[in-house]
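**Q** Sharing a structure here in structure tokens format.
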Amino acid sequence: VLAARGFTRVVTGALSPLEQGGFLAVGFDVAERLHLLSLDVSTGLPPVPAGRALASARRADQEAVVRVDRSAFVPFWQLDADGLADALAATPDTRWRVARPASRWAAGQVEGYAICGRAGSRGFVQRLAVDPACQGRGTGRRLLLDGLHWMRRHGVRTAVVNTQVGNQSALNLYRQVGFREEPLGLSVLATGL
């Protein structure tokens with residue numbers, strides 16, 4: 001069906017090792033390996049670091065958010081407007097926050113953003129990106145902790161996040177906040193059609 005619609009390649013979502021068997025058996029290959037990390041948010045969380053206030057994202061921020069996403073991720077992981085909409089709709093409750101530049105002339109610009117979601121007592125760091133020109137200023141940490149505190153206030157007990165194997169800066173951030181790596185990671189599989 002996908003080939004008939006003109007697609008030449010198909011990619012899965014992130015799958016656990018138990019979910020991969022059927023795909024591998026019919027010719028899918030591992031396209032990306034991911035670390036899977038979890039955090040008990042019902043215990044103490046570090047405070048959100050001081051800094052410029054974060055803001056709720058608006059529809060008008062979509063273009064700037066997609067630009068940040070494209071600058072922060074390699075092409076395989078970049079979101080377009082449809083991918084952003086999918087991320088925002090992935091969970092029943094979602095928190096979408098942005099960090100804006102300090103200067104007044106920068107209206108409509110975004111330095112970084114986070115999409116966090118929850119379903120019952122489980123929370124998800126769905127997307128976290130900071131413009132590479134703005135990294136190293138604590139923006140990612142502020143966005144992450146803002147989302148984790150939101151989860152905690154809404155009854156989340158465990159939060160999960162995944163990140164590509166090789167994305168050491170993201171892995172370090174998650175570990176510093178208290179995330180622990182799960183023994184089994186995830187993989188994204190792909191095949192040509």
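Note on naming: chains are A, B, ... as they come in the structure tokens, residues start from 1 per chain, ligands start from 1 in the order shown.
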Residues within 8 Å of A:Ser121, please, as a ChimeraX atom specification. Count only C-alpha atoms; anything in the same chain fewer than 6 positions from it doesn't count.
**A** /A:155-158
**Q** Quick one: write out the picked residues with C-alpha atoms as an mmCIF file, in the first residue's frame?
**A**
```cif
data_model
loop_
_atom_site.group_PDB
_atom_site.id
_atom_site.type_symbol
_atom_site.label_atom_id
_atom_site.label_comp_id
_atom_site.auth_asym_id
_atom_site.auth_seq_id
_atom_site.Cartn_x
_atom_site.Cartn_y
_atom_site.Cartn_z
ATOM 1 C CA GLY A 155 0.444 13.161 39.308
ATOM 2 C CA VAL A 156 3.146 11.639 37.120
ATOM 3 C CA ARG A 157 5.270 9.116 38.965
ATOM 4 C CA THR A 158 7.697 8.016 36.237
#
```
**Q** Mind checking which residues fall within 10 Å of A:Phe124, counting only C-alpha atoms, ignoring those fewer than 2 positions away in the same chain, and posting them as a ChimeraX atom specification?
**A** /A:38,90-91,94,115-119,122,126-127,147-148,151,156,158-162
**Q** What parts of stretch 115-182 of chain A does DSSP call alpha helix (DSSP H)? I'd like the answer as a ChimeraX atom specification.
**A** /A:139-153,168-177
**Q** What does the distance between atom CA of A:Leu79 and atom CA of A:Val66 come to in Å, to one decimal place?
**A**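 A separation of 6.5 Å between them.
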**Q** Using the chain letters and numbers from this document, which residues of stretch 84-180 of chain A does DSSP assign to strand (DSSP E or B), as a PyMOL selection string?
**A** chain A and resi 93-99+112-119+122-130+158-164+180
**Q** Any idea what's packed within 12 Å of stretch 22-28 of chain A, counting only C-alpha atoms, ignoring anything in its chain fewer than 5 positions away? Could you give it as a PyMOL selection string?
**A** chain A and resi 9-13+15-17+187-193
**Q** Just want the 12 Å neighbourhood of A:Gln135, counted on only C-alpha atoms, with same-chain residues fewer than 6 positions away dropped. Output as a PyMOL selection string.
**A** chain A and resi 68+71-72+99+111-112+129+141-142+169-170+173
**Q** Can those selected residues be exported to a file as a PDB file, in the first residue's frame so that it contains all heavy atoms?
**A**
```
ATOM      1  N   VAL A  68      14.469  25.911  15.002  1.00  0.00           N
ATOM      2  CA  VAL A  68      15.353  25.444  16.083  1.00  0.00           C
ATOM      3  C   VAL A  68      15.549  23.944  15.978  1.00  0.00           C
ATOM      4  O   VAL A  68      16.666  23.437  16.094  1.00  0.00           O
ATOM      5  CB  VAL A  68      14.782  25.831  17.471  1.00  0.00           C
ATOM      6  CG1 VAL A  68      15.492  25.078  18.583  1.00  0.00           C
ATOM      7  CG2 VAL A  68      14.891  27.324  17.688  1.00  0.00           C
ATOM      8  N   SER A  71      17.981  23.025  13.307  1.00  0.00           N
ATOM      9  CA  SER A  71      19.364  23.377  13.610  1.00  0.00           C
ATOM     10  C   SER A  71      19.957  22.479  14.692  1.00  0.00           C
ATOM     11  O   SER A  71      21.172  22.299  14.761  1.00  0.00           O
ATOM     12  CB  SER A  71      19.462  24.846  14.039  1.00  0.00           C
ATOM     13  OG  SER A  71      18.882  25.040  15.315  1.00  0.00           O
ATOM     14  N   ALA A  72      19.104  21.884  15.521  1.00  0.00           N
ATOM     15  CA  ALA A  72      19.584  21.100  16.663  1.00  0.00           C
ATOM     16  C   ALA A  72      19.750  19.615  16.366  1.00  0.00           C
ATOM     17  O   ALA A  72      20.463  18.924  17.086  1.00  0.00           O
ATOM     18  CB  ALA A  72      18.623  21.285  17.849  1.00  0.00           C
ATOM     19  N   ALA A  99      11.763  28.995  25.132  1.00  0.00           N
ATOM     20  CA  ALA A  99      12.677  29.980  25.722  1.00  0.00           C
ATOM     21  C   ALA A  99      12.919  31.023  24.632  1.00  0.00           C
ATOM     22  O   ALA A  99      13.295  30.679  23.505  1.00  0.00           O
ATOM     23  CB  ALA A  99      13.987  29.316  26.128  1.00  0.00           C
ATOM     24  N   GLU A 111      14.812  30.384  21.288  1.00  0.00           N
ATOM     25  CA  GLU A 111      16.141  29.804  21.508  1.00  0.00           C
ATOM     26  C   GLU A 111      16.070  28.298  21.722  1.00  0.00           C
ATOM     27  O   GLU A 111      17.020  27.586  21.455  1.00  0.00           O
ATOM     28  CB  GLU A 111      16.800  30.431  22.734  1.00  0.00           C
ATOM     29  CG  GLU A 111      17.208  31.863  22.549  1.00  0.00           C
ATOM     30  CD  GLU A 111      17.922  32.425  23.771  1.00  0.00           C
ATOM     31  OE1 GLU A 111      17.890  31.797  24.855  1.00  0.00           O
ATOM     32  OE2 GLU A 111      18.513  33.502  23.628  1.00  0.00           O
ATOM     33  N   GLY A 112      14.954  27.842  22.267  1.00  0.00           N
ATOM     34  CA  GLY A 112      14.789  26.417  22.543  1.00  0.00           C
ATOM     35  C   GLY A 112      13.349  26.121  22.876  1.00  0.00           C
ATOM     36  O   GLY A 112      12.558  27.037  23.117  1.00  0.00           O
ATOM     37  N   ALA A 129      14.858  20.700  22.385  1.00  0.00           N
ATOM     38  CA  ALA A 129      15.849  21.203  21.434  1.00  0.00           C
ATOM     39  C   ALA A 129      16.228  22.630  21.790  1.00  0.00           C
ATOM     40  O   ALA A 129      15.377  23.428  22.168  1.00  0.00           O
ATOM     41  CB  ALA A 129      15.301  21.159  20.006  1.00  0.00           C
ATOM     42  N   ARG A 141      18.358  22.698  30.275  1.00  0.00           N
ATOM     43  CA  ARG A 141      18.092  22.256  31.654  1.00  0.00           C
ATOM     44  C   ARG A 141      16.830  22.920  32.211  1.00  0.00           C
ATOM     45  O   ARG A 141      16.008  22.275  32.845  1.00  0.00           O
ATOM     46  CB  ARG A 141      19.304  22.548  32.523  1.00  0.00           C
ATOM     47  CG  ARG A 141      19.192  22.041  33.949  1.00  0.00           C
ATOM     48  CD  ARG A 141      20.487  22.339  34.719  1.00  0.00           C
ATOM     49  NE  ARG A 141      20.388  21.901  36.078  1.00  0.00           N
ATOM     50  CZ  ARG A 141      20.709  20.694  36.518  1.00  0.00           C
ATOM     51  NH1 ARG A 141      21.173  19.787  35.684  1.00  0.00           N
ATOM     52  NH2 ARG A 141      20.583  20.379  37.790  1.00  0.00           N
ATOM     53  N   ARG A 142      16.675  24.248  31.963  1.00  0.00           N
ATOM     54  CA  ARG A 142      15.479  24.948  32.435  1.00  0.00           C
ATOM     55  C   ARG A 142      14.223  24.385  31.797  1.00  0.00           C
ATOM     56  O   ARG A 142      13.218  24.151  32.463  1.00  0.00           O
ATOM     57  CB  ARG A 142      15.586  26.453  32.150  1.00  0.00           C
ATOM     58  CG  ARG A 142      16.474  27.173  33.133  1.00  0.00           C
ATOM     59  CD  ARG A 142      16.435  28.690  33.108  1.00  0.00           C
ATOM     60  NE  ARG A 142      15.596  29.365  32.174  1.00  0.00           N
ATOM     61  CZ  ARG A 142      16.002  29.886  31.004  1.00  0.00           C
ATOM     62  NH1 ARG A 142      17.264  29.784  30.637  1.00  0.00           N
ATOM     63  NH2 ARG A 142      15.159  30.519  30.221  1.00  0.00           N
ATOM     64  N   SER A 169      25.786  15.005  24.802  1.00  0.00           N
ATOM     65  CA  SER A 169      25.372  16.184  25.567  1.00  0.00           C
ATOM     66  C   SER A 169      23.963  15.995  26.124  1.00  0.00           C
ATOM     67  O   SER A 169      23.695  16.343  27.278  1.00  0.00           O
ATOM     68  CB  SER A 169      25.470  17.456  24.726  1.00  0.00           C
ATOM     69  OG  SER A 169      24.631  17.373  23.596  1.00  0.00           O
ATOM     70  N   ALA A 170      23.053  15.423  25.341  1.00  0.00           N
ATOM     71  CA  ALA A 170      21.701  15.164  25.850  1.00  0.00           C
ATOM     72  C   ALA A 170      21.742  14.105  26.940  1.00  0.00           C
ATOM     73  O   ALA A 170      21.095  14.253  27.980  1.00  0.00           O
ATOM     74  CB  ALA A 170      20.777  14.719  24.716  1.00  0.00           C
ATOM     75  N   LEU A 173      22.906  15.654  30.157  1.00  0.00           N
ATOM     76  CA  LEU A 173      21.865  16.481  30.773  1.00  0.00           C
ATOM     77  C   LEU A 173      20.861  15.609  31.509  1.00  0.00           C
ATOM     78  O   LEU A 173      20.533  15.863  32.670  1.00  0.00           O
ATOM     79  CB  LEU A 173      21.155  17.325  29.710  1.00  0.00           C
ATOM     80  CG  LEU A 173      19.896  18.063  30.177  1.00  0.00           C
ATOM     81  CD1 LEU A 173      20.220  19.075  31.269  1.00  0.00           C
ATOM     82  CD2 LEU A 173      19.217  18.740  28.993  1.00  0.00           C
TER      83      LEU A 173
END
```
**Q** I need the residue nearest A:Leu45 from this list: A:Asp86, A:Asp146, A:Glu181, A:Asp61. Use only C-alpha atoms for the distance.
**A**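 Of A:Asp86, A:Asp146, A:Glu181, A:Asp61, the one nearest A:Leu45, counting only C-alpha atoms, is A:Asp146.
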**Q** Can you work out which one of A:Trp150, A:Phe7, A:Phe179, A:Phe73 has the shortest atom-to-atom distance to A:Val130, counting only C-alpha atoms?
**A**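 Result for the nearest residue to A:Val130: A:Phe73.
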**Q** Closest to A:Val125 among A:Arg5, A:Arg100, A:Arg95, A:His154, using only C-alpha atoms?
**A**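 Checking each of A:Arg5, A:Arg100, A:Arg95, A:His154 against A:Val125, counting only C-alpha atoms, the winner is A:Arg95.
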**Q** Separation of atom CA of A:Asp82 and atom CA of A:Asp131, in Å?
**A**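 Result for atom CA of A:Asp82 versus atom CA of A:Asp131: 20.0 Å, one decimal.
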**Q** Could you list, as a PyMOL selection string, every residue within 9 Å of A:Val165, counting only C-alpha atoms and ignoring same-chain residues fewer than 5 positions away?
**A** chain A and resi 32-35+171
**Q** From the set A:Pro46, A:Pro101, A:Pro92, A:Pro132, which residue has the shortest atom-to-atom contact distance to A:Tyr174, counting only C-alpha atoms?
**A**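 Once distances to A:Tyr174 are computed over only C-alpha atoms, the minimum belongs to A:Pro46.
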**Q** What's the separation between atom CA of A:Leu18 and atom CA of A:Arg180, in Å to one decimal place?
**A**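 The value is 20.5 Å.
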